[in-house]
Amino acid sequence: MFIYISVFVLILLVLIIAVYIYLPNLQFTLSFNKKTFRLTVITLSIAFLYFLGFGIYDKIKDHQETIIVKVDGTSHLVNGIEGKVLLLEDQKVHANRYYTTWLFTWKKLQHADEVLTVSSTGERIVYTDSIYGIPSYSKEPIYNQIREKVGAKYMYKVSLHFPSRGIWKVSFGDENRRVGPIHIEVYQ
């Protein structure tokens, strides 16, 4: 959205400069003196650069989102980076308890892919047996509908374990094709 605003401001800036230079006898042009024209150009230039900077940052940086998906009248909470990886969080995640849920991805993961978890204190844990193969979509119709609604290509059952409470970053895949991280709040 910021990119569109910056393009609009740039077009406005170019139009004002072009009219001021090429049509000096227009009423619009005559309403400017040199000081107000310069101030207007500087203000619009700053606005353009401001919105362009936010637009570029928004396009480059992956943003974690929480999406509510309704299936058969029931709301399901899906958390992650849309277009890369989403995790179903229908219940709270507690420390020292296994949390089994569904993972929705746009890239295919392998059965032996790792799950890397990093705590806010820097504790790192790698799990190698946490991602289960692609389920038969006909056997899991609710989760398949969630997968379709979020637009993911693949879904996996995943089992996670966090030894302590806090905010944990979770990434999925091997060293070369890792997707994530997703921030998960773990309760006591």
# chains A, B, ... in the order shown; residues from 1 in each chain; ligands from 1
$ residues_around --residues "Leu44 in chain A" --least-positions-apart "3" --cutoff "7 Å" --atoms "only C-alpha atoms" --output "short mmCIF file (atom, residue, chain, number, x, y, z; two decimals) with C-alpha atoms, in the first residue's frame"
data_model
loop_
_atom_site.label_atom_id
_atom_site.label_comp_id
_atom_site.auth_asym_id
_atom_site.auth_seq_id
_atom_site.Cartn_x
_atom_site.Cartn_y
_atom_site.Cartn_z
CA VAL A 9 2.86 11.49 -4.51
CA LEU A 13 5.12 16.13 -7.69
CA THR A 40 5.68 22.44 -1.87
CA VAL A 41 8.30 20.56 -3.91
CA ALA A 47 6.55 12.50 1.51
CA PHE A 48 7.51 10.50 -1.58
#
$ residues_around --residues "Leu10 in chain A" --least-positions-apart "4" --cutoff "10 Å" --atoms "only C-alpha atoms" --output "VMD selection string"
chain A and resid 4 to 6 14 to 16 44 to 45 47 to 49 52
$ write_last_selection --atoms "all heavy atoms" --output "short mmCIF file (atom, residue, chain, number, x, y, z; two decimals), in the first residue's frame"
data_model
loop_
_atom_site.label_atom_id
_atom_site.label_comp_id
_atom_site.auth_asym_id
_atom_site.auth_seq_id
_atom_site.Cartn_x
_atom_site.Cartn_y
_atom_site.Cartn_z
N TYR A 4 1.99 2.31 -3.45
CA TYR A 4 0.98 3.02 -4.23
C TYR A 4 0.87 4.48 -3.81
O TYR A 4 0.72 5.37 -4.65
CB TYR A 4 -0.38 2.33 -4.11
CG TYR A 4 -0.37 0.91 -4.61
CD1 TYR A 4 -0.69 -0.14 -3.78
CD2 TYR A 4 0.00 0.61 -5.93
CE1 TYR A 4 -0.67 -1.45 -4.23
CE2 TYR A 4 0.03 -0.69 -6.39
CZ TYR A 4 -0.31 -1.71 -5.54
OH TYR A 4 -0.28 -3.00 -5.99
N ILE A 5 0.96 4.72 -2.51
CA ILE A 5 0.92 6.11 -2.03
C ILE A 5 2.13 6.87 -2.53
O ILE A 5 2.01 8.02 -2.98
CB ILE A 5 0.85 6.14 -0.48
CG1 ILE A 5 -0.47 5.53 0.01
CG2 ILE A 5 0.99 7.57 0.03
CD1 ILE A 5 -0.53 5.33 1.50
N SER A 6 3.31 6.24 -2.51
CA SER A 6 4.52 6.94 -2.99
C SER A 6 4.44 7.21 -4.49
O SER A 6 4.87 8.28 -4.94
CB SER A 6 5.77 6.14 -2.65
OG SER A 6 5.81 4.93 -3.37
N VAL A 14 5.58 15.47 -9.99
CA VAL A 14 5.97 15.69 -11.39
C VAL A 14 4.99 16.61 -12.09
O VAL A 14 5.38 17.51 -12.85
CB VAL A 14 6.11 14.33 -12.13
CG1 VAL A 14 6.24 14.53 -13.63
CG2 VAL A 14 7.30 13.55 -11.58
N LEU A 15 3.69 16.43 -11.85
CA LEU A 15 2.69 17.30 -12.47
C LEU A 15 2.84 18.76 -12.02
O LEU A 15 2.77 19.67 -12.84
CB LEU A 15 1.28 16.81 -12.15
CG LEU A 15 0.79 15.60 -12.95
CD1 LEU A 15 -0.56 15.14 -12.43
CD2 LEU A 15 0.70 15.94 -14.43
N ILE A 16 3.06 18.97 -10.75
CA ILE A 16 3.23 20.34 -10.24
C ILE A 16 4.45 21.00 -10.85
O ILE A 16 4.40 22.15 -11.30
CB ILE A 16 3.28 20.34 -8.70
CG1 ILE A 16 1.90 20.03 -8.13
CG2 ILE A 16 3.78 21.68 -8.17
CD1 ILE A 16 1.87 19.86 -6.63
N LEU A 44 6.59 17.54 -0.84
CA LEU A 44 6.16 16.37 -1.61
C LEU A 44 7.31 15.39 -1.82
O LEU A 44 7.10 14.17 -1.82
CB LEU A 44 5.57 16.80 -2.95
CG LEU A 44 4.18 17.44 -2.88
CD1 LEU A 44 3.75 17.94 -4.25
CD2 LEU A 44 3.16 16.44 -2.34
N SER A 45 8.52 15.89 -1.99
CA SER A 45 9.68 15.01 -2.15
C SER A 45 9.93 14.20 -0.87
O SER A 45 10.21 13.00 -0.92
CB SER A 45 10.94 15.82 -2.49
OG SER A 45 10.78 16.49 -3.71
N ALA A 47 7.66 13.46 1.40
CA ALA A 47 6.55 12.50 1.51
C ALA A 47 6.77 11.31 0.59
O ALA A 47 6.55 10.15 0.97
CB ALA A 47 5.23 13.19 1.19
N PHE A 48 7.24 11.58 -0.63
CA PHE A 48 7.51 10.50 -1.58
C PHE A 48 8.57 9.55 -1.02
O PHE A 48 8.39 8.33 -1.02
CB PHE A 48 7.97 11.09 -2.92
CG PHE A 48 8.61 10.08 -3.83
CD1 PHE A 48 7.86 9.08 -4.41
CD2 PHE A 48 9.97 10.11 -4.06
CE1 PHE A 48 8.46 8.13 -5.23
CE2 PHE A 48 10.57 9.18 -4.88
CZ PHE A 48 9.81 8.18 -5.47
N LEU A 49 9.67 10.09 -0.55
CA LEU A 49 10.75 9.25 -0.02
C LEU A 49 10.31 8.48 1.23
O LEU A 49 10.68 7.32 1.43
CB LEU A 49 11.98 10.10 0.27
CG LEU A 49 12.67 10.68 -0.97
CD1 LEU A 49 13.77 11.64 -0.55
CD2 LEU A 49 13.19 9.58 -1.87
N LEU A 52 7.95 5.69 0.05
CA LEU A 52 8.73 4.74 -0.72
C LEU A 52 9.57 3.86 0.20
O LEU A 52 9.65 2.64 0.01
CB LEU A 52 9.63 5.47 -1.73
CG LEU A 52 10.47 4.58 -2.63
CD1 LEU A 52 9.57 3.77 -3.55
CD2 LEU A 52 11.45 5.41 -3.44
#
$ select_by_dssp --residues "range 29-116 of chain A" --states "strand (DSSP E)" --output "ChimeraX atom specification"
/A:65-71,74-81,85-88,93-94,98-105,115-116
$ write_last_selection --atoms "N, CA and C atoms" --output "JSON list (two decimals), in the first residue's frame"
[["chain", "number", "residue", "atom", "x", "y", "z"],
["A", 65, "GLU", "N", 1.57, -12.93, 10.42],
["A", 65, "GLU", "CA", 0.17, -12.54, 10.52],
["A", 65, "GLU", "C", -0.61, -13.60, 11.27],
["A", 66, "THR", "N", -1.68, -13.18, 11.87],
["A", 66, "THR", "CA", -2.63, -14.10, 12.47],
["A", 66, "THR", "C", -3.91, -14.01, 11.65],
["A", 67, "ILE", "N", -4.35, -15.13, 11.13],
["A", 67, "ILE", "CA", -5.52, -15.18, 10.26],
["A", 67, "ILE", "C", -6.58, -16.02, 10.95],
["A", 68, "ILE", "N", -7.82, -15.57, 10.90],
["A", 68, "ILE", "CA", -8.93, -16.35, 11.41],
["A", 68, "ILE", "C", -9.66, -16.94, 10.21],
["A", 69, "VAL", "N", -9.73, -18.27, 10.16],
["A", 69, "VAL", "CA", -10.36, -18.98, 9.06],
["A", 69, "VAL", "C", -11.62, -19.65, 9.59],
["A", 70, "LYS", "N", -12.74, -19.39, 8.93],
["A", 70, "LYS", "CA", -14.02, -20.01, 9.34],
["A", 70, "LYS", "C", -14.30, -21.22, 8.46],
["A", 71, "VAL", "N", -14.53, -22.35, 9.12],
["A", 71, "VAL", "CA", -14.90, -23.58, 8.42],
["A", 71, "VAL", "C", -16.08, -24.18, 9.16],
["A", 74, "THR", "N", -17.09, -22.71, 12.50],
["A", 74, "THR", "CA", -16.08, -22.71, 13.56],
["A", 74, "THR", "C", -14.89, -21.87, 13.11],
["A", 75, "SER", "N", -14.40, -21.03, 14.01],
["A", 75, "SER", "CA", -13.24, -20.20, 13.70],
["A", 75, "SER", "C", -11.95, -20.92, 14.10],
["A", 76, "HIS", "N", -10.97, -20.86, 13.21],
["A", 76, "HIS", "CA", -9.67, -21.47, 13.46],
["A", 76, "HIS", "C", -8.61, -20.40, 13.33],
["A", 77, "LEU", "N", -7.67, -20.37, 14.27],
["A", 77, "LEU", "CA", -6.60, -19.38, 14.28],
["A", 77, "LEU", "C", -5.38, -19.96, 13.57],
["A", 78, "VAL", "N", -4.91, -19.26, 12.52],
["A", 78, "VAL", "CA", -3.75, -19.68, 11.76],
["A", 78, "VAL", "C", -2.71, -18.57, 11.87],
["A", 79, "ASN", "N", -1.49, -18.93, 12.25],
["A", 79, "ASN", "CA", -0.45, -17.97, 12.55],
["A", 79, "ASN", "C", 0.77, -18.25, 11.67],
["A", 80, "GLY", "N", 1.37, -17.21, 11.08],
["A", 80, "GLY", "CA", 2.59, -17.41, 10.32],
["A", 80, "GLY", "C", 2.80, -16.37, 9.25],
["A", 81, "ILE", "N", 3.56, -16.74, 8.22],
["A", 81, "ILE", "CA", 3.91, -15.86, 7.13],
["A", 81, "ILE", "C", 3.15, -16.34, 5.90],
["A", 85, "VAL", "N", 4.63, -20.10, 5.20],
["A", 85, "VAL", "CA", 4.34, -21.13, 6.20],
["A", 85, "VAL", "C", 3.30, -20.59, 7.19],
["A", 86, "LEU", "N", 2.31, -21.41, 7.49],
["A", 86, "LEU", "CA", 1.28, -21.06, 8.48],
["A", 86, "LEU", "C", 1.09, -22.25, 9.41],
["A", 87, "LEU", "N", 0.82, -21.95, 10.67],
["A", 87, "LEU", "CA", 0.66, -22.97, 11.69],
["A", 87, "LEU", "C", -0.71, -22.80, 12.33],
["A", 88, "LEU", "N", -1.46, -23.88, 12.42],
["A", 88, "LEU", "CA", -2.77, -23.85, 13.07],
["A", 88, "LEU", "C", -2.57, -23.79, 14.58],
["A", 93, "VAL", "N", -0.32, -23.05, 23.57],
["A", 93, "VAL", "CA", 0.87, -23.91, 23.61],
["A", 93, "VAL", "C", 1.47, -23.79, 25.01],
["A", 94, "HIS", "N", 1.67, -24.93, 25.66],
["A", 94, "HIS", "CA", 2.19, -24.94, 27.03],
["A", 94, "HIS", "C", 3.58, -25.56, 27.07],
["A", 98, "TYR", "N", 3.74, -31.77, 24.70],
["A", 98, "TYR", "CA", 3.79, -31.86, 23.25],
["A", 98, "TYR", "C", 2.58, -31.16, 22.66],
["A", 99, "TYR", "N", 2.83, -30.42, 21.62],
["A", 99, "TYR", "CA", 1.76, -29.68, 20.92],
["A", 99, "TYR", "C", 1.71, -30.22, 19.50],
["A", 100, "THR", "N", 0.65, -30.95, 19.16],
["A", 100, "THR", "CA", 0.49, -31.51, 17.83],
["A", 100, "THR", "C", -0.55, -30.69, 17.10],
["A", 101, "THR", "N", -0.18, -30.22, 15.91],
["A", 101, "THR", "CA", -1.06, -29.35, 15.14],
["A", 101, "THR", "C", -0.77, -29.53, 13.65],
["A", 102, "TRP", "N", -1.34, -28.64, 12.83],
["A", 102, "TRP", "CA", -1.18, -28.71, 11.38],
["A", 102, "TRP", "C", -0.33, -27.55, 10.89],
["A", 103, "LEU", "N", 0.52, -27.86, 9.92],
["A", 103, "LEU", "CA", 1.40, -26.89, 9.29],
["A", 103, "LEU", "C", 1.00, -26.79, 7.83],
["A", 104, "PHE", "N", 0.82, -25.56, 7.34],
["A", 104, "PHE", "CA", 0.45, -25.32, 5.95],
["A", 104, "PHE", "C", 1.60, -24.60, 5.27],
["A", 105, "THR", "N", 2.09, -25.15, 4.14],
["A", 105, "THR", "CA", 3.23, -24.56, 3.46],
["A", 105, "THR", "C", 2.96, -24.41, 1.96],
["A", 115, "VAL", "N", 12.93, -29.27, 12.49],
["A", 115, "VAL", "CA", 12.19, -28.16, 13.08],
["A", 115, "VAL", "C", 13.17, -27.49, 14.04],
["A", 116, "LEU", "N", 13.50, -26.24, 13.76],
["A", 116, "LEU", "CA", 14.44, -25.49, 14.59],
["A", 116, "LEU", "C", 13.64, -24.55, 15.48]]
$ closest_residue --among "A:Tyr57, A:Leu30, A:Ile167, A:Ile146" --to "Phe2 in chain A" --atoms "only C-alpha atoms"
A:Tyr57
$ closest_residue --among "A:Tyr22, A:Tyr143, A:Trp106, A:Phe172" --to "Thr128 in chain A" --atoms "only C-alpha atoms"
A:Phe172
$ residues_around --residues "Gln145 in chain A" --least-positions-apart "4" --cutoff "10 Å" --atoms "only C-alpha atoms" --output "MDAnalysis selection string"
chainID A and resid 69:72 137 140:141 149:151
$ closest_residue --among "A:Gly73, A:Pro24, A:Gly173, A:Gly53" --to "Val126 in chain A" --atoms "only C-alpha atoms"
A:Gly173
$ closest_residue --among "A:Ala152, A:Ser31, A:Leu12, A:Ala18" --to "Thr43 in chain A" --atoms "only C-alpha atoms"
A:Leu12
$ select_by_dssp --residues "chain A" --states "alpha helix (DSSP H)" --output "ChimeraX atom specification"
/A:2-22,27-30,34-60,141-150
$ closest_residue --among "A:Gly180, A:Ile17, A:Ser171, A:Pro163" --to "Glu82 in chain A" --atoms "only C-alpha atoms"
A:Gly180
$ residues_around --residues "Gly166 in chain A" --least-positions-apart "3" --cutoff "9 Å" --atoms "only C-alpha atoms" --output "ChimeraX atom specification"
/A:95,119-121,184-188
$ decode --residues "range 91-107 of chain A" --atoms "all heavy atoms" --output "compact mmCIF listing (two decimals), in the first residue's frame"
# COMPACT_ATOMS: atom_id res chain seq x y z
N GLN A 91 -5.33 -24.00 20.01
CA GLN A 91 -5.25 -24.07 21.47
C GLN A 91 -3.95 -23.45 21.93
O GLN A 91 -3.03 -23.26 21.13
CB GLN A 91 -5.38 -25.52 21.94
CG GLN A 91 -4.61 -26.49 21.09
CD GLN A 91 -4.88 -27.92 21.46
OE1 GLN A 91 -4.63 -28.28 22.60
NE2 GLN A 91 -5.36 -28.71 20.54
N LYS A 92 -3.87 -23.11 23.21
CA LYS A 92 -2.65 -22.53 23.76
C LYS A 92 -1.53 -23.56 23.76
O LYS A 92 -1.76 -24.75 23.96
CB LYS A 92 -2.88 -22.04 25.20
CG LYS A 92 -3.61 -20.74 25.28
CD LYS A 92 -3.66 -20.28 26.73
CE LYS A 92 -4.25 -18.90 26.84
NZ LYS A 92 -4.27 -18.42 28.22
N VAL A 93 -0.32 -23.05 23.57
CA VAL A 93 0.87 -23.91 23.61
C VAL A 93 1.47 -23.79 25.01
O VAL A 93 1.72 -22.68 25.48
CB VAL A 93 1.89 -23.46 22.54
CG1 VAL A 93 3.10 -24.37 22.56
CG2 VAL A 93 1.26 -23.41 21.16
N HIS A 94 1.67 -24.93 25.66
CA HIS A 94 2.19 -24.94 27.03
C HIS A 94 3.58 -25.56 27.07
O HIS A 94 3.89 -26.48 26.30
CB HIS A 94 1.25 -25.73 27.96
CG HIS A 94 -0.07 -25.07 28.14
ND1 HIS A 94 -0.26 -24.00 28.98
CD2 HIS A 94 -1.28 -25.32 27.57
CE1 HIS A 94 -1.53 -23.62 28.94
NE2 HIS A 94 -2.17 -24.41 28.08
N ALA A 95 4.40 -25.08 27.98
CA ALA A 95 5.74 -25.60 28.17
C ALA A 95 5.69 -27.03 28.70
O ALA A 95 4.78 -27.39 29.45
CB ALA A 95 6.52 -24.71 29.14
N ASN A 96 6.66 -27.83 28.29
CA ASN A 96 6.82 -29.22 28.71
C ASN A 96 5.64 -30.12 28.35
O ASN A 96 5.41 -31.13 29.00
CB ASN A 96 7.10 -29.31 30.22
CG ASN A 96 8.45 -28.74 30.55
OD1 ASN A 96 9.42 -28.98 29.83
ND2 ASN A 96 8.52 -27.96 31.61
N ARG A 97 4.90 -29.74 27.33
CA ARG A 97 3.83 -30.59 26.79
C ARG A 97 3.97 -30.62 25.28
O ARG A 97 4.28 -29.61 24.66
CB ARG A 97 2.44 -30.02 27.12
CG ARG A 97 2.07 -30.11 28.54
CD ARG A 97 0.61 -29.76 28.70
NE ARG A 97 0.40 -29.15 29.99
CZ ARG A 97 -0.64 -28.42 30.31
NH1 ARG A 97 -1.58 -28.18 29.42
NH2 ARG A 97 -0.75 -27.90 31.51
N TYR A 98 3.74 -31.77 24.70
CA TYR A 98 3.79 -31.86 23.25
C TYR A 98 2.58 -31.16 22.66
O TYR A 98 1.47 -31.28 23.18
CB TYR A 98 3.85 -33.31 22.78
CG TYR A 98 5.25 -33.86 22.86
CD1 TYR A 98 5.66 -34.56 23.99
CD2 TYR A 98 6.15 -33.65 21.83
CE1 TYR A 98 6.95 -35.05 24.08
CE2 TYR A 98 7.44 -34.14 21.91
CZ TYR A 98 7.83 -34.83 23.04
OH TYR A 98 9.10 -35.30 23.13
N TYR A 99 2.83 -30.42 21.62
CA TYR A 99 1.76 -29.68 20.92
C TYR A 99 1.71 -30.22 19.50
O TYR A 99 2.63 -29.99 18.70
CB TYR A 99 2.06 -28.18 20.94
CG TYR A 99 1.00 -27.34 20.26
CD1 TYR A 99 -0.26 -27.21 20.82
CD2 TYR A 99 1.27 -26.69 19.07
CE1 TYR A 99 -1.23 -26.45 20.20
CE2 TYR A 99 0.30 -25.92 18.45
CZ TYR A 99 -0.95 -25.80 19.02
OH TYR A 99 -1.92 -25.06 18.40
N THR A 100 0.65 -30.95 19.16
CA THR A 100 0.49 -31.51 17.83
C THR A 100 -0.55 -30.69 17.10
O THR A 100 -1.66 -30.47 17.61
CB THR A 100 0.06 -32.98 17.91
OG1 THR A 100 1.06 -33.68 18.66
CG2 THR A 100 -0.04 -33.59 16.53
N THR A 101 -0.18 -30.22 15.91
CA THR A 101 -1.06 -29.35 15.14
C THR A 101 -0.77 -29.53 13.65
O THR A 101 -0.05 -30.43 13.26
CB THR A 101 -0.88 -27.87 15.58
OG1 THR A 101 -1.88 -27.09 14.96
CG2 THR A 101 0.49 -27.35 15.25
N TRP A 102 -1.34 -28.64 12.83
CA TRP A 102 -1.18 -28.71 11.38
C TRP A 102 -0.33 -27.55 10.89
O TRP A 102 -0.47 -26.42 11.34
CB TRP A 102 -2.54 -28.70 10.70
CG TRP A 102 -3.28 -29.96 10.96
CD1 TRP A 102 -4.18 -30.19 11.96
CD2 TRP A 102 -3.17 -31.17 10.23
NE1 TRP A 102 -4.64 -31.48 11.90
CE2 TRP A 102 -4.03 -32.10 10.83
CE3 TRP A 102 -2.43 -31.57 9.13
CZ2 TRP A 102 -4.17 -33.41 10.37
CZ3 TRP A 102 -2.58 -32.86 8.66
CH2 TRP A 102 -3.43 -33.78 9.29
N LEU A 103 0.52 -27.86 9.92
CA LEU A 103 1.40 -26.89 9.29
C LEU A 103 1.00 -26.79 7.83
O LEU A 103 0.86 -27.80 7.15
CB LEU A 103 2.86 -27.38 9.42
CG LEU A 103 3.93 -26.54 8.82
CD1 LEU A 103 4.09 -25.25 9.63
CD2 LEU A 103 5.25 -27.30 8.80
N PHE A 104 0.82 -25.56 7.34
CA PHE A 104 0.45 -25.32 5.95
C PHE A 104 1.60 -24.60 5.27
O PHE A 104 2.06 -23.57 5.76
CB PHE A 104 -0.83 -24.47 5.87
CG PHE A 104 -1.97 -25.07 6.64
CD1 PHE A 104 -2.29 -24.59 7.91
CD2 PHE A 104 -2.71 -26.11 6.12
CE1 PHE A 104 -3.33 -25.14 8.64
CE2 PHE A 104 -3.76 -26.67 6.84
CZ PHE A 104 -4.07 -26.19 8.10
N THR A 105 2.09 -25.15 4.14
CA THR A 105 3.23 -24.56 3.46
C THR A 105 2.96 -24.41 1.96
O THR A 105 2.05 -25.04 1.42
CB THR A 105 4.50 -25.42 3.63
OG1 THR A 105 4.32 -26.67 2.96
CG2 THR A 105 4.83 -25.64 5.09
N TRP A 106 3.78 -23.60 1.33
CA TRP A 106 3.72 -23.41 -0.11
C TRP A 106 4.86 -24.17 -0.79
O TRP A 106 4.86 -24.35 -1.98
CB TRP A 106 3.79 -21.93 -0.45
CG TRP A 106 2.47 -21.25 -0.27
CD1 TRP A 106 1.63 -20.86 -1.28
CD2 TRP A 106 1.81 -20.88 0.94
NE1 TRP A 106 0.50 -20.29 -0.75
CE2 TRP A 106 0.58 -20.29 0.60
CE3 TRP A 106 2.14 -21.01 2.28
CZ2 TRP A 106 -0.31 -19.81 1.56
CZ3 TRP A 106 1.25 -20.54 3.23
CH2 TRP A 106 0.04 -19.95 2.86
N LYS A 107 5.86 -24.60 0.00
CA LYS A 107 6.96 -25.43 -0.50
C LYS A 107 6.86 -26.80 0.16
O LYS A 107 6.52 -26.91 1.33
CB LYS A 107 8.31 -24.81 -0.16
CG LYS A 107 8.62 -23.57 -0.94
CD LYS A 107 10.01 -23.08 -0.61
CE LYS A 107 10.33 -21.84 -1.41
NZ LYS A 107 11.66 -21.30 -1.09
